[in-house]
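**Student:** Following this line is model_4.cif, made up of mmCIF, C-alpha atoms:
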data_target
loop_
_atom_site.label_atom_id
_atom_site.label_comp_id
_atom_site.auth_asym_id
_atom_site.auth_seq_id
_atom_site.Cartn_x
_atom_site.Cartn_y
_atom_site.Cartn_z
CA MET A 1 -178.67 -64.97 150.34
CA LYS A 2 -175.57 -65.06 148.06
CA LEU A 3 -176.21 -65.82 144.47
CA ALA A 4 -173.92 -68.35 142.78
CA THR A 5 -171.80 -66.95 139.95
CA PRO A 6 -172.55 -68.83 136.78
CA LYS A 7 -169.63 -70.64 135.19
CA THR A 8 -168.38 -69.25 131.90
CA GLU A 9 -167.55 -72.01 129.51
CA LEU A 10 -164.43 -71.37 127.38
CA PRO A 11 -164.67 -72.13 123.68
CA PRO A 12 -163.31 -75.58 122.82
CA SER A 13 -160.42 -74.03 120.83
CA THR A 14 -159.33 -71.96 123.83
CA GLN A 15 -159.57 -74.98 126.12
CA LEU A 16 -157.40 -76.94 123.69
CA ARG A 17 -154.78 -74.19 123.50
CA LYS A 18 -154.56 -73.97 127.28
CA ALA A 19 -154.29 -77.73 127.60
CA VAL A 20 -151.54 -77.87 125.00
CA SER A 21 -149.65 -74.96 126.64
CA GLY A 22 -149.84 -76.66 129.99
CA ALA A 23 -148.61 -79.93 128.57
CA LEU A 24 -145.74 -78.20 126.78
CA ALA A 25 -144.74 -76.41 129.99
CA ILE A 26 -144.73 -79.70 131.87
CA CYS A 27 -142.65 -81.31 129.10
CA ALA A 28 -140.17 -78.42 129.13
CA VAL A 29 -139.72 -78.75 132.89
CA MET A 30 -139.25 -82.51 132.55
CA VAL A 31 -136.69 -82.09 129.74
CA LEU A 32 -134.80 -79.44 131.70
CA SER A 33 -134.83 -81.58 134.84
CA SER A 34 -133.60 -84.56 132.85
CA TRP A 35 -130.79 -82.48 131.29
CA ILE A 36 -129.71 -81.13 134.68
CA ALA A 37 -129.80 -84.64 136.12
CA THR A 38 -127.66 -85.90 133.24
CA LEU A 39 -125.09 -83.16 133.76
CA ALA A 40 -125.06 -83.86 137.49
CA ALA A 41 -124.59 -87.58 136.86
CA ASN A 42 -121.70 -86.87 134.51
CA ALA A 43 -120.16 -84.52 137.05
CA GLU A 44 -120.46 -87.14 139.78
CA SER A 45 -118.94 -89.82 137.55
CA ALA A 46 -115.94 -87.61 136.67
CA THR A 47 -112.74 -88.63 138.38
CA GLU A 48 -111.07 -86.03 140.55
CA TYR A 49 -107.52 -85.30 139.42
CA LYS A 50 -105.03 -85.27 142.27
CA LEU A 51 -102.49 -82.58 141.54
CA LYS A 52 -98.99 -83.60 142.63
CA ILE A 53 -97.11 -80.55 143.89
CA PRO A 54 -93.31 -80.99 143.67
CA PHE A 55 -91.12 -80.05 146.62
CA GLY A 56 -90.41 -76.34 146.78
CA LEU A 57 -93.82 -75.21 145.50
CA GLU A 58 -96.65 -74.03 147.74
CA GLU A 59 -99.88 -76.00 147.51
CA THR A 60 -101.80 -73.21 149.26
CA ALA A 61 -100.99 -70.87 146.35
CA VAL A 62 -102.75 -73.03 143.76
CA VAL A 63 -105.38 -71.15 141.71
CA ILE A 64 -108.20 -73.41 140.47
CA PRO A 65 -111.56 -71.74 139.70
CA ALA A 66 -114.60 -73.14 141.47
CA ASP A 67 -116.36 -73.63 138.13
CA ASN A 68 -113.51 -75.70 136.68
CA PRO A 69 -112.33 -78.30 139.20
CA LEU A 70 -109.60 -80.63 138.00
CA THR A 71 -110.83 -83.98 136.72
CA THR A 72 -108.96 -86.74 134.93
CA GLU A 73 -111.36 -86.48 131.99
CA LYS A 74 -110.70 -82.76 131.46
CA VAL A 75 -106.95 -83.09 131.91
CA GLU A 76 -106.70 -85.89 129.35
CA LEU A 77 -108.97 -84.03 126.93
CA GLY A 78 -106.82 -80.94 127.38
CA ARG A 79 -103.71 -82.97 126.56
CA LEU A 80 -105.24 -83.98 123.23
CA LEU A 81 -106.33 -80.45 122.41
CA VAL A 82 -102.96 -78.79 123.01
CA PHE A 83 -101.10 -81.26 120.81
CA ASP A 84 -103.66 -81.49 117.98
CA LYS A 85 -102.65 -79.48 114.89
CA ARG A 86 -106.19 -79.74 113.54
CA LEU A 87 -107.01 -76.95 115.96
CA SER A 88 -105.48 -74.46 113.54
CA GLN A 89 -106.90 -73.08 110.32
CA ASP A 90 -104.49 -75.02 108.09
CA ASN A 91 -103.73 -78.03 110.33
CA THR A 92 -100.10 -77.01 110.86
CA ILE A 93 -100.00 -75.45 114.34
CA ALA A 94 -100.85 -76.87 117.76
CA CYS A 95 -100.62 -75.08 121.10
CA MET A 96 -97.53 -77.11 121.88
CA SER A 97 -95.85 -75.97 118.67
CA CYS A 98 -94.82 -72.88 120.65
CA HIS A 99 -94.50 -74.57 124.04
CA LEU A 100 -91.98 -77.37 123.75
CA ALA A 101 -90.98 -79.34 126.85
CA LYS A 102 -87.28 -79.30 125.92
CA ASN A 103 -87.40 -75.48 125.88
CA ALA A 104 -89.17 -75.14 129.22
CA PHE A 105 -92.47 -74.95 127.34
CA THR A 106 -91.33 -72.09 125.14
CA ASP A 107 -90.30 -72.49 121.48
CA GLY A 108 -86.63 -71.48 121.58
CA LYS A 109 -87.23 -68.61 119.14
CA PRO A 110 -87.09 -64.83 119.60
CA VAL A 111 -90.80 -64.49 118.74
CA ALA A 112 -93.56 -67.04 118.30
CA THR A 113 -94.32 -68.49 114.85
CA GLY A 114 -97.86 -69.29 113.72
CA ILE A 115 -99.58 -70.58 110.59
CA ARG A 116 -97.84 -70.03 107.25
CA GLY A 117 -94.65 -69.13 109.11
CA GLN A 118 -96.02 -65.80 110.31
CA LYS A 119 -94.06 -64.14 113.12
CA GLY A 120 -95.67 -62.64 116.19
CA GLY A 121 -94.36 -59.62 118.05
CA ARG A 122 -93.43 -61.33 121.31
CA SER A 123 -91.73 -64.50 122.47
CA ALA A 124 -93.79 -67.48 123.59
CA PRO A 125 -94.03 -67.30 127.40
CA ALA A 126 -93.28 -70.39 129.46
CA SER A 127 -96.48 -72.34 130.12
CA PHE A 128 -95.63 -74.27 133.30
CA ASN A 129 -96.54 -73.40 136.92
CA ARG A 130 -99.53 -71.48 135.53
CA VAL A 131 -101.61 -73.01 138.32
CA PHE A 132 -100.09 -70.38 140.59
CA SER A 133 -101.12 -67.42 138.42
CA SER A 134 -104.30 -65.70 137.33
CA ALA A 135 -103.38 -62.99 134.79
CA GLN A 136 -101.77 -64.52 131.69
CA PHE A 137 -99.69 -63.40 128.69
CA TRP A 138 -96.77 -60.94 128.82
CA ASP A 139 -99.23 -58.06 129.24
CA GLY A 140 -101.68 -59.86 131.55
CA ARG A 141 -104.59 -59.33 129.17
CA ALA A 142 -106.20 -62.68 130.02
CA ALA A 143 -107.64 -62.62 133.52
CA THR A 144 -107.78 -66.42 133.75
CA LEU A 145 -105.94 -69.41 132.38
CA GLU A 146 -109.20 -70.46 130.71
CA ALA A 147 -109.31 -67.18 128.77
CA GLN A 148 -105.64 -67.48 127.82
CA SER A 149 -106.17 -71.02 126.58
CA ILE A 150 -108.55 -70.00 123.79
CA GLY A 151 -107.06 -66.62 122.85
CA PRO A 152 -104.54 -67.85 120.23
CA PHE A 153 -107.15 -69.78 118.22
CA THR A 154 -108.62 -66.65 116.63
CA ASN A 155 -105.34 -64.79 116.34
CA PRO A 156 -104.70 -64.46 112.56
CA ILE A 157 -100.96 -64.95 113.06
CA GLU A 158 -101.20 -67.91 115.43
CA HIS A 159 -103.93 -70.55 114.86
CA GLY A 160 -105.78 -68.42 112.33
CA PHE A 161 -109.49 -69.24 112.78
CA ALA A 162 -111.79 -66.45 111.62
CA ASN A 163 -113.85 -66.88 114.78
CA TYR A 164 -114.64 -69.49 117.42
CA ASP A 165 -117.73 -70.70 115.56
CA VAL A 166 -115.56 -71.81 112.64
CA MET A 167 -113.25 -73.67 114.98
CA ILE A 168 -116.08 -75.38 116.86
CA ALA A 169 -117.76 -76.42 113.61
CA LYS A 170 -114.52 -78.10 112.58
CA MET A 171 -114.25 -79.90 115.91
CA MET A 172 -117.88 -81.03 115.82
CA LYS A 173 -117.09 -83.01 112.67
CA ILE A 174 -114.79 -85.23 114.74
CA PRO A 175 -117.01 -87.81 116.54
CA GLY A 176 -114.17 -88.74 118.89
CA TYR A 177 -114.06 -85.23 120.30
CA ARG A 178 -117.83 -85.08 120.76
CA LYS A 179 -117.60 -88.27 122.81
CA LEU A 180 -114.75 -86.95 124.96
CA PHE A 181 -116.47 -83.63 125.61
CA LYS A 182 -119.57 -85.50 126.73
CA GLU A 183 -117.47 -87.57 129.14
CA ALA A 184 -115.73 -84.47 130.49
CA PHE A 185 -118.60 -81.98 130.55
CA GLY A 186 -121.79 -84.00 130.11
CA ASP A 187 -122.55 -82.49 126.70
CA GLU A 188 -121.31 -83.63 123.29
CA ASN A 189 -122.09 -80.20 121.84
CA ILE A 190 -118.63 -78.66 121.99
CA LYS A 191 -118.53 -75.14 123.43
CA ILE A 192 -115.53 -72.82 123.28
CA GLU A 193 -115.68 -72.21 127.03
CA ASN A 194 -115.28 -75.94 127.61
CA VAL A 195 -112.34 -76.04 125.22
CA GLY A 196 -110.74 -73.39 127.43
CA LYS A 197 -111.55 -75.31 130.60
CA ALA A 198 -110.02 -78.52 129.28
CA ILE A 199 -106.82 -76.87 128.07
CA ALA A 200 -106.47 -74.88 131.29
CA SER A 201 -106.94 -78.07 133.29
CA PHE A 202 -104.08 -79.75 131.44
CA GLN A 203 -101.87 -76.69 131.76
CA ARG A 204 -102.36 -76.69 135.53
CA THR A 205 -100.73 -80.11 135.73
CA ILE A 206 -97.48 -78.90 134.13
CA LEU A 207 -95.27 -77.97 137.06
CA SER A 208 -91.63 -77.35 137.88
CA GLY A 209 -90.22 -77.81 141.35
CA ASN A 210 -87.84 -79.99 143.35
CA SER A 211 -84.88 -78.27 141.72
CA PRO A 212 -81.34 -78.49 143.12
CA ALA A 213 -81.91 -74.96 144.46
CA ASP A 214 -85.03 -76.15 146.32
CA ARG A 215 -83.18 -79.09 147.81
CA PHE A 216 -80.35 -76.87 148.96
CA ASP A 217 -82.32 -73.89 150.21
CA GLN A 218 -85.43 -75.55 151.61
CA GLY A 219 -84.31 -79.14 152.02
CA GLY A 220 -80.97 -78.46 153.65
CA GLU A 221 -79.10 -80.67 151.17
CA ALA A 222 -75.68 -79.04 151.40
CA GLY A 223 -74.24 -80.64 148.26
CA ALA A 224 -77.25 -80.02 146.03
CA ILE A 225 -75.61 -77.01 144.36
CA SER A 226 -72.00 -75.90 143.88
CA GLU A 227 -70.21 -73.33 146.04
CA GLU A 228 -70.35 -70.90 143.11
CA ALA A 229 -74.12 -71.35 142.88
CA GLN A 230 -74.44 -70.90 146.65
CA HIS A 231 -72.64 -67.58 146.33
CA GLY A 232 -74.93 -66.80 143.41
CA LEU A 233 -77.95 -67.39 145.63
CA LEU A 234 -76.66 -64.83 148.13
CA LEU A 235 -76.11 -62.35 145.31
CA PHE A 236 -79.58 -63.12 143.95
CA ARG A 237 -81.11 -62.07 147.27
CA GLU A 238 -78.83 -59.19 148.12
CA LYS A 239 -76.43 -57.27 145.84
CA ALA A 240 -78.05 -58.32 142.54
CA ARG A 241 -81.52 -57.36 143.89
CA CYS A 242 -83.20 -60.09 141.83
CA THR A 243 -85.83 -60.77 144.48
CA LYS A 244 -87.20 -57.25 144.04
CA CYS A 245 -89.18 -58.76 141.15
CA HIS A 246 -88.34 -62.50 141.06
CA SER A 247 -89.69 -63.20 144.53
CA GLY A 248 -91.40 -66.08 146.29
CA PHE A 249 -91.32 -69.81 145.64
CA ASN A 250 -92.09 -69.33 141.94
CA PHE A 251 -89.51 -66.57 141.49
CA THR A 252 -91.99 -63.99 140.23
CA ASP A 253 -94.01 -61.22 141.84
CA GLU A 254 -96.66 -61.61 139.09
CA LYS A 255 -96.42 -57.85 138.51
CA PHE A 256 -95.42 -55.71 135.53
CA HIS A 257 -92.15 -53.79 135.16
CA ASN A 258 -90.43 -51.57 132.59
CA ALA A 259 -86.71 -52.39 132.27
CA GLY A 260 -86.27 -50.41 129.05
CA ILE A 261 -86.50 -53.15 126.43
CA GLY A 262 -87.06 -51.55 123.02
CA TRP A 263 -86.27 -47.98 124.07
CA ASP A 264 -82.83 -48.22 122.46
CA THR A 265 -84.18 -49.06 118.99
CA ASN A 266 -87.42 -47.06 118.71
CA THR A 267 -89.35 -50.34 118.63
CA VAL A 268 -91.11 -49.85 121.94
CA ASP A 269 -93.88 -52.33 122.71
CA LEU A 270 -96.32 -50.53 125.03
CA GLY A 271 -96.99 -53.79 126.90
CA ARG A 272 -99.27 -53.63 129.93
CA TYR A 273 -100.41 -50.10 129.03
CA MET A 274 -102.47 -51.47 126.12
CA VAL A 275 -104.51 -53.39 128.69
CA SER A 276 -104.61 -51.04 131.67
CA LYS A 277 -104.39 -47.66 129.85
CA ASN A 278 -102.42 -46.52 132.88
CA PRO A 279 -99.44 -44.35 131.79
CA GLU A 280 -97.36 -45.92 134.54
CA ASP A 281 -97.63 -49.23 132.67
CA ILE A 282 -96.09 -48.01 129.41
CA GLY A 283 -93.46 -50.54 128.34
CA ALA A 284 -94.12 -52.78 131.35
CA PHE A 285 -94.23 -56.57 131.08
CA LYS A 286 -95.04 -59.38 133.46
CA THR A 287 -92.21 -60.81 135.53
CA PRO A 288 -91.62 -64.36 134.25
CA THR A 289 -90.81 -67.20 136.59
CA LEU A 290 -87.11 -68.05 136.70
CA ARG A 291 -87.75 -71.74 137.16
CA GLU A 292 -86.37 -73.70 134.18
CA ILE A 293 -84.77 -70.46 133.01
CA ALA A 294 -81.62 -72.19 131.73
CA ARG A 295 -83.80 -74.09 129.20
CA SER A 296 -85.91 -71.22 127.92
CA ALA A 297 -83.53 -69.06 125.85
CA PRO A 298 -83.78 -66.61 124.17
CA TYR A 299 -84.85 -64.12 126.82
CA MET A 300 -87.09 -61.06 127.34
CA HIS A 301 -90.45 -60.48 125.68
CA ASP A 302 -88.77 -59.78 122.33
CA GLY A 303 -86.26 -62.61 122.62
CA ARG A 304 -83.29 -60.29 122.19
CA PHE A 305 -80.85 -62.05 124.52
CA LYS A 306 -79.47 -65.46 123.58
CA THR A 307 -77.80 -66.28 126.91
CA LEU A 308 -78.27 -65.76 130.62
CA GLU A 309 -74.93 -63.96 130.66
CA GLU A 310 -76.39 -61.31 128.36
CA VAL A 311 -79.42 -60.94 130.63
CA VAL A 312 -77.25 -60.49 133.72
CA ASN A 313 -75.10 -57.91 131.90
CA PHE A 314 -78.27 -56.03 130.90
CA TYR A 315 -79.49 -55.76 134.45
CA ASN A 316 -76.00 -55.08 135.77
CA GLN A 317 -75.89 -51.92 133.65
CA GLY A 318 -79.30 -50.89 134.98
CA GLY A 319 -81.48 -51.69 131.99
CA ILE A 320 -82.17 -49.02 129.37
CA LYS A 321 -83.21 -45.62 130.69
CA ASN A 322 -86.57 -44.25 129.57
CA PRO A 323 -89.32 -41.96 130.90
CA HIS A 324 -91.29 -44.89 132.33
CA MET A 325 -88.39 -46.86 133.81
CA ASP A 326 -89.22 -48.96 136.87
CA PRO A 327 -87.31 -47.49 139.85
CA LEU A 328 -86.43 -51.01 140.98
CA VAL A 329 -84.08 -51.38 137.99
CA ILE A 330 -80.74 -49.76 138.86
CA PRO A 331 -77.05 -50.43 138.06
CA LEU A 332 -75.71 -53.30 140.18
CA GLU A 333 -71.92 -53.04 139.88
CA LEU A 334 -71.40 -56.80 139.89
CA THR A 335 -67.89 -58.09 139.26
CA ASP A 336 -67.23 -60.65 136.52
CA GLN A 337 -66.97 -63.40 139.14
CA GLU A 338 -70.24 -62.33 140.75
CA LYS A 339 -72.00 -62.36 137.40
CA HIS A 340 -70.61 -65.83 136.75
CA ASP A 341 -71.79 -67.11 140.14
CA LEU A 342 -75.25 -65.61 139.64
CA VAL A 343 -75.62 -67.46 136.33
CA GLN A 344 -74.48 -70.68 138.02
CA PHE A 345 -77.30 -70.28 140.55
CA LEU A 346 -79.87 -69.71 137.79
CA HIS A 347 -78.84 -73.05 136.28
CA THR A 348 -79.89 -74.80 139.52
CA LEU A 349 -83.56 -73.83 139.01
CA ASN A 350 -84.32 -76.63 136.54
CA GLY A 351 -86.66 -79.11 138.19
CA GLU A 352 -89.35 -81.71 137.68
CA GLY A 353 -93.12 -82.06 137.55
CA TRP A 354 -93.49 -81.44 133.82
CA GLN A 355 -91.88 -84.54 132.32
CA GLN A 356 -95.23 -86.35 132.04
CA ALA A 357 -96.55 -83.70 129.63
CA THR A 358 -95.95 -85.78 126.53
CA ALA A 359 -97.79 -85.92 123.22
CA PRO A 360 -100.66 -88.44 122.85
CA LYS A 361 -99.95 -91.51 120.70
CA ALA A 362 -103.17 -90.96 118.76
CA PHE A 363 -105.87 -88.32 118.34
CA PRO A 364 -109.67 -88.58 118.21
CA LYS A 365 -111.22 -89.42 114.84
#
Written as C-alpha cells, how would this file's structure read?
**Tutor:**
Amino acid sequence: MKLATPKTELPPSTQLRKAVSGALAICAVMVLSSWIATLAANAESATEYKLKIPFGLEETAVVIPADNPLTTEKVELGRLLVFDKRLSQDNTIACMSCHLAKNAFTDGKPVATGIRGQKGGRSAPASFNRVFSSAQFWDGRAATLEAQSIGPFTNPIEHGFANYDVMIAKMMKIPGYRKLFKEAFGDENIKIENVGKAIASFQRTILSGNSPADRFDQGGEAGAISEEAQHGLLLFREKARCTKCHSGFNFTDEKFHNAGIGWDTNTVDLGRYMVSKNPEDIGAFKTPTLREIARSAPYMHDGRFKTLEEVVNFYNQGGIKNPHMDPLVIPLELTDQEKHDLVQFLHTLNGEGWQQATAPKAFPK
C-alpha cells in the first residue's frame, strides 16, 4: 500500500510572489507579442517601392539587403534626411551639400567641405548608381550603403556630431520625424540604424543610365553619338585600355588600384591599405563609375585634375611610378586626335534616372 505524500503549503508571501511573477511573465509575453504584431502590421502596410532601372543598366546586378527592402515610406524619409541641414552639429551641412545633382552628385570641389568650412582630405565621391555596389567610400571602408550613410554624421570635419546619441537626441525633439520613422519602421523611437536604412533606400533610387553611349552601343541607334565619340569608344576598349578597370555596364570593376596619385608630391594617401592592412593596397583607391563623368570635375580622389583632358594625359603617360603601382597602368602612346576622341566618348556617358532627386519643399517640424 502506497502512502500519499502530504502536501506542503507554501507561505502566503511566497504564493503571492509566485503569482505576481507569473502574471508579470504573461504580461511581458503579451506586450512583446503586441509589439511584434504592430511592427508586422506596419511592415505590411508599407508600400513597396518599384525601382525604375534606366536602359543600359542591369537589373540583376541590383544590391538591396534582405533586411532593408525598398519602400516608398523609407525612400521619402531618406529624401528628407539627406537634404536636412539640421542633421549637422551647427545646422549648416546636409548630406546633399557635398552631393549636388548638377555636379553628378559630387560637390565640384577638390576636397569635401564640412561644418565651419573645414576641408576633408578627399573629394566627395559620386553618390548615384550605388545600388549596384556594396563597399563604399574611396577606400571601401563601409561594407554596405547603410553603413556609409551614417558615417559622415560623427566625422568632426563633416557633420560634426560628437556621437550618434547626440544626433538622435536632436532628431527626437522633432515630432515630425518621430511620426515618419513610425510610418517607415513601425517605431517612433529613432534609431541610428534606421537612419542609415532610410538614407540608403533613397540613395538606391538615384540612377544614371540611358545615355547616348547606351543608345548607340546597346540600342543600335547609329546617330546617338558622333563619329569622333564612336572612335573614342573603340579606343576606350582597345588601345586606351580603359576597360581594364572601368568595365561592365557601370564602367567600374569595383576594385582598388594605385595609379600613383600623390607620389609626386610626398602627400601619399595610403587609401585602401588603411582598411585592409594589405601592403598591396598601399595608395590604392576604388575605381569610380565613369557615368556622368563630364559633370563631376575635378577628378581623382584628391581632386587634382580640373578637366577630362588632364585625366587622359595622366593615364597616357602611365600614371606616376611608385613601388606599389598597379601593373594595369602603363603608358598608352595616344595621339592628340585619339585623346580628343576619347574625351568626346566620355561626354556621351551623361544619362538619366537621377533628375527626380530634388530637395523637399518643406521639412518635418
**Student:** Counting only C-alpha atoms, what is within 12 Å of stretch 46-50 of chain A, bar same-chain residues fewer than 3 positions away, as a list in words?
**Tutor:** Leu39, Ala40, Ala41, Asn42, Ala43, Ile53, Glu59, Ile64, Asn68, Pro69, Leu70, Thr71, Thr72, Glu73, Lys74, Val75, Glu76, Leu180, Phe181, Lys182, Glu183, Ala184, Phe185, Gly186, Ser201, Phe202, Arg204 and Thr205 of chain A
**Student:** So, with all atoms listed in the file as the atoms that count, which of A:Leu234, A:Met96, A:Leu207, A:Ala162 lies closest to A:Gly56?
**Tutor:** A:Leu207
**Student:** Please provide the set of residues having any atom within 12 Å of A:Ala224, restricted to all atoms listed in the file, with same-chain residues fewer than 6 positions apart removed, written as a PDB file with C-alpha atoms, in the coordinates of the input.
**Tutor:**
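And here is the file that came out, around38.pdb:
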ATOM      1  CA  ASN A 210     -87.840 -79.990 143.350  1.00  0.00           C
ATOM      2  CA  SER A 211     -84.880 -78.270 141.720  1.00  0.00           C
ATOM      3  CA  PRO A 212     -81.340 -78.490 143.120  1.00  0.00           C
ATOM      4  CA  ALA A 213     -81.910 -74.960 144.460  1.00  0.00           C
ATOM      5  CA  ASP A 214     -85.030 -76.150 146.320  1.00  0.00           C
ATOM      6  CA  ARG A 215     -83.180 -79.090 147.810  1.00  0.00           C
ATOM      7  CA  PHE A 216     -80.350 -76.870 148.960  1.00  0.00           C
ATOM      8  CA  ASP A 217     -82.320 -73.890 150.210  1.00  0.00           C
ATOM      9  CA  GLN A 218     -85.430 -75.550 151.610  1.00  0.00           C
ATOM     10  CA  GLN A 230     -74.440 -70.900 146.650  1.00  0.00           C
ATOM     11  CA  PHE A 345     -77.300 -70.280 140.550  1.00  0.00           C
ATOM     12  CA  THR A 348     -79.890 -74.800 139.520  1.00  0.00           C
ATOM     13  CA  LEU A 349     -83.560 -73.830 139.010  1.00  0.00           C
TER      14      LEU A 349
END
**Student:** May I ask which of the residues A:Leu334, A:Val329, A:Leu290, A:Val131 is the closest one to A:Val62, counting only C-alpha atoms?
**Tutor:** A:Val131
**Student:** List the residues selected by the PyMOL selection byres ((chain A and resi 266-274) around 9) in the file shown, writing them as a VMD selection string.
**Tutor:** chain A and resid 121 138 to 141 256 to 258 260 to 265 275 to 286
**Student:** Using only the atoms of stretch 301-319 of chain A listed in the file, plus 3 Å on each side, state the axis-aligned box centre and edge lengths in Å rounded to one decimal, as JSON.
**Tutor:**
{"center_x": -82.7, "center_y": -58.6, "center_z": 129.0, "size_x": 21.5, "size_y": 21.4, "size_z": 19.6}
**Student:** Taking all atoms listed in the file into account, which of A:Leu328, A:Leu145, A:Val195, A:Met167 comes nearest A:His246?
**Tutor:**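 The shortest atom-to-atom distance to A:His246 comes from A:Leu328.
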**Student:** With the file shown as input, list the residues that the PyMOL selection byres ((chain A and resi 154-160) around 6) selects, as a list of chain:residue names.
**Tutor:**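 Checked against the file, the PyMOL selection byres ((chain A and resi 154-160) around 6) matches A:Ser88, A:Gln89, A:Gly114, A:Ile115, A:Gln118, A:Pro152, A:Phe153, A:Phe161, A:Ala162, A:Asn163.
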**Student:** I'd like to see the residues matched by the PyMOL selection byres ((chain A and resi 319) around 7) on this file, and ideally I'd get them as an MDAnalysis selection string.
**Tutor:** chainID A and resid 259:260 314:315 317:318 320:321 329
**Student:** Put those residues in a file: C-alpha atoms, as a PDB file, in the frame of the given file.
**Tutor:**
ATOM      1  CA  ALA A 259     -86.710 -52.390 132.270  1.00  0.00           C
ATOM      2  CA  GLY A 260     -86.270 -50.410 129.050  1.00  0.00           C
ATOM      3  CA  PHE A 314     -78.270 -56.030 130.900  1.00  0.00           C
ATOM      4  CA  TYR A 315     -79.490 -55.760 134.450  1.00  0.00           C
ATOM      5  CA  GLN A 317     -75.890 -51.920 133.650  1.00  0.00           C
ATOM      6  CA  GLY A 318     -79.300 -50.890 134.980  1.00  0.00           C
ATOM      7  CA  ILE A 320     -82.170 -49.020 129.370  1.00  0.00           C
ATOM      8  CA  LYS A 321     -83.210 -45.620 130.690  1.00  0.00           C
ATOM      9  CA  VAL A 329     -84.080 -51.380 137.990  1.00  0.00           C
TER      10      VAL A 329
END
**Student:** Quote the spacing between atom CA of A:Asp336 and atom CA of A:Ala294 in Å to one decimal place.
**Tutor:**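 Rounded to one decimal, the two atoms are 19.1 Å apart.
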**Student:** Just want the 9 Å neighbourhood of A:His99, counted on all atoms listed in the file, with same-chain residues fewer than 2 positions away dropped. Output as JSON, numbers by chain.
**Tutor:** {"A": [95, 96, 97, 101, 102, 103, 104, 105, 106, 107, 108, 124, 125, 126, 127]}
**Student:** Please measure the separation of atom CA of A:Ile206 and atom CA of A:Glu352, giving the value in Å to one decimal.
**Tutor:** 9.3 Å
**Student:** Rounded to one decimal in Å, what is the spacing between atom CA of A:Pro110 and atom CA of A:Cys98?
**Tutor:**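 Between atom CA of A:Pro110 and atom CA of A:Cys98 the gap works out to 11.2 Å.
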**Student:** Could you pull the residues within 12 Å of A:Ser247, counting all atoms listed in the file, minus those fewer than 2 positions along the same chain, as a list in words?
**Tutor:**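 Answer for this query is Phe236, Arg237, Arg241, Cys242, Thr243, Lys244, Cys245, Phe249, Asn250, Phe251, Thr252, Asp253, Glu254, Lys255, Thr287, Pro288, Thr289, Leu290 and Arg291 of chain A.
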**Student:** Take the selection from the previous step and output its residues with C-alpha atoms, as a PDB file, in the frame of the given file.
**Tutor:**
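Done, and the output landed in part-v8.pdb:
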ATOM      1  CA  PHE A 236     -79.580 -63.120 143.950  1.00  0.00           C
ATOM      2  CA  ARG A 237     -81.110 -62.070 147.270  1.00  0.00           C
ATOM      3  CA  ARG A 241     -81.520 -57.360 143.890  1.00  0.00           C
ATOM      4  CA  CYS A 242     -83.200 -60.090 141.830  1.00  0.00           C
ATOM      5  CA  THR A 243     -85.830 -60.770 144.480  1.00  0.00           C
ATOM      6  CA  LYS A 244     -87.200 -57.250 144.040  1.00  0.00           C
ATOM      7  CA  CYS A 245     -89.180 -58.760 141.150  1.00  0.00           C
ATOM      8  CA  PHE A 249     -91.320 -69.810 145.640  1.00  0.00           C
ATOM      9  CA  ASN A 250     -92.090 -69.330 141.940  1.00  0.00           C
ATOM     10  CA  PHE A 251     -89.510 -66.570 141.490  1.00  0.00           C
ATOM     11  CA  THR A 252     -91.990 -63.990 140.230  1.00  0.00           C
ATOM     12  CA  ASP A 253     -94.010 -61.220 141.840  1.00  0.00           C
ATOM     13  CA  GLU A 254     -96.660 -61.610 139.090  1.00  0.00           C
ATOM     14  CA  LYS A 255     -96.420 -57.850 138.510  1.00  0.00           C
ATOM     15  CA  THR A 287     -92.210 -60.810 135.530  1.00  0.00           C
ATOM     16  CA  PRO A 288     -91.620 -64.360 134.250  1.00  0.00           C
ATOM     17  CA  THR A 289     -90.810 -67.200 136.590  1.00  0.00           C
ATOM     18  CA  LEU A 290     -87.110 -68.050 136.700  1.00  0.00           C
ATOM     19  CA  ARG A 291     -87.750 -71.740 137.160  1.00  0.00           C
TER      20      ARG A 291
END
**Student:** Between A:Arg122, A:Lys170, A:Ala200, A:Ala135, which one has atoms that come closest to A:Asp90, using all atoms listed in the file?
**Tutor:**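 Under the stated criterion, the closest residue is A:Lys170.
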**Student:** List the neighbours of A:Pro364 out to 10 Å using only C-alpha atoms; skip same-chain residues closer than 6 positions along the sequence, and give me the result as a count of residues only.
**Tutor:** 11
**Student:** Hey, can you pull every residue with an atom no more than 9 Å from (-72.5, -66.7, 141.1), using only C-alpha atoms, and send it as a VMD selection string?
**Tutor:** chain A and resid 227 to 236 337 to 346
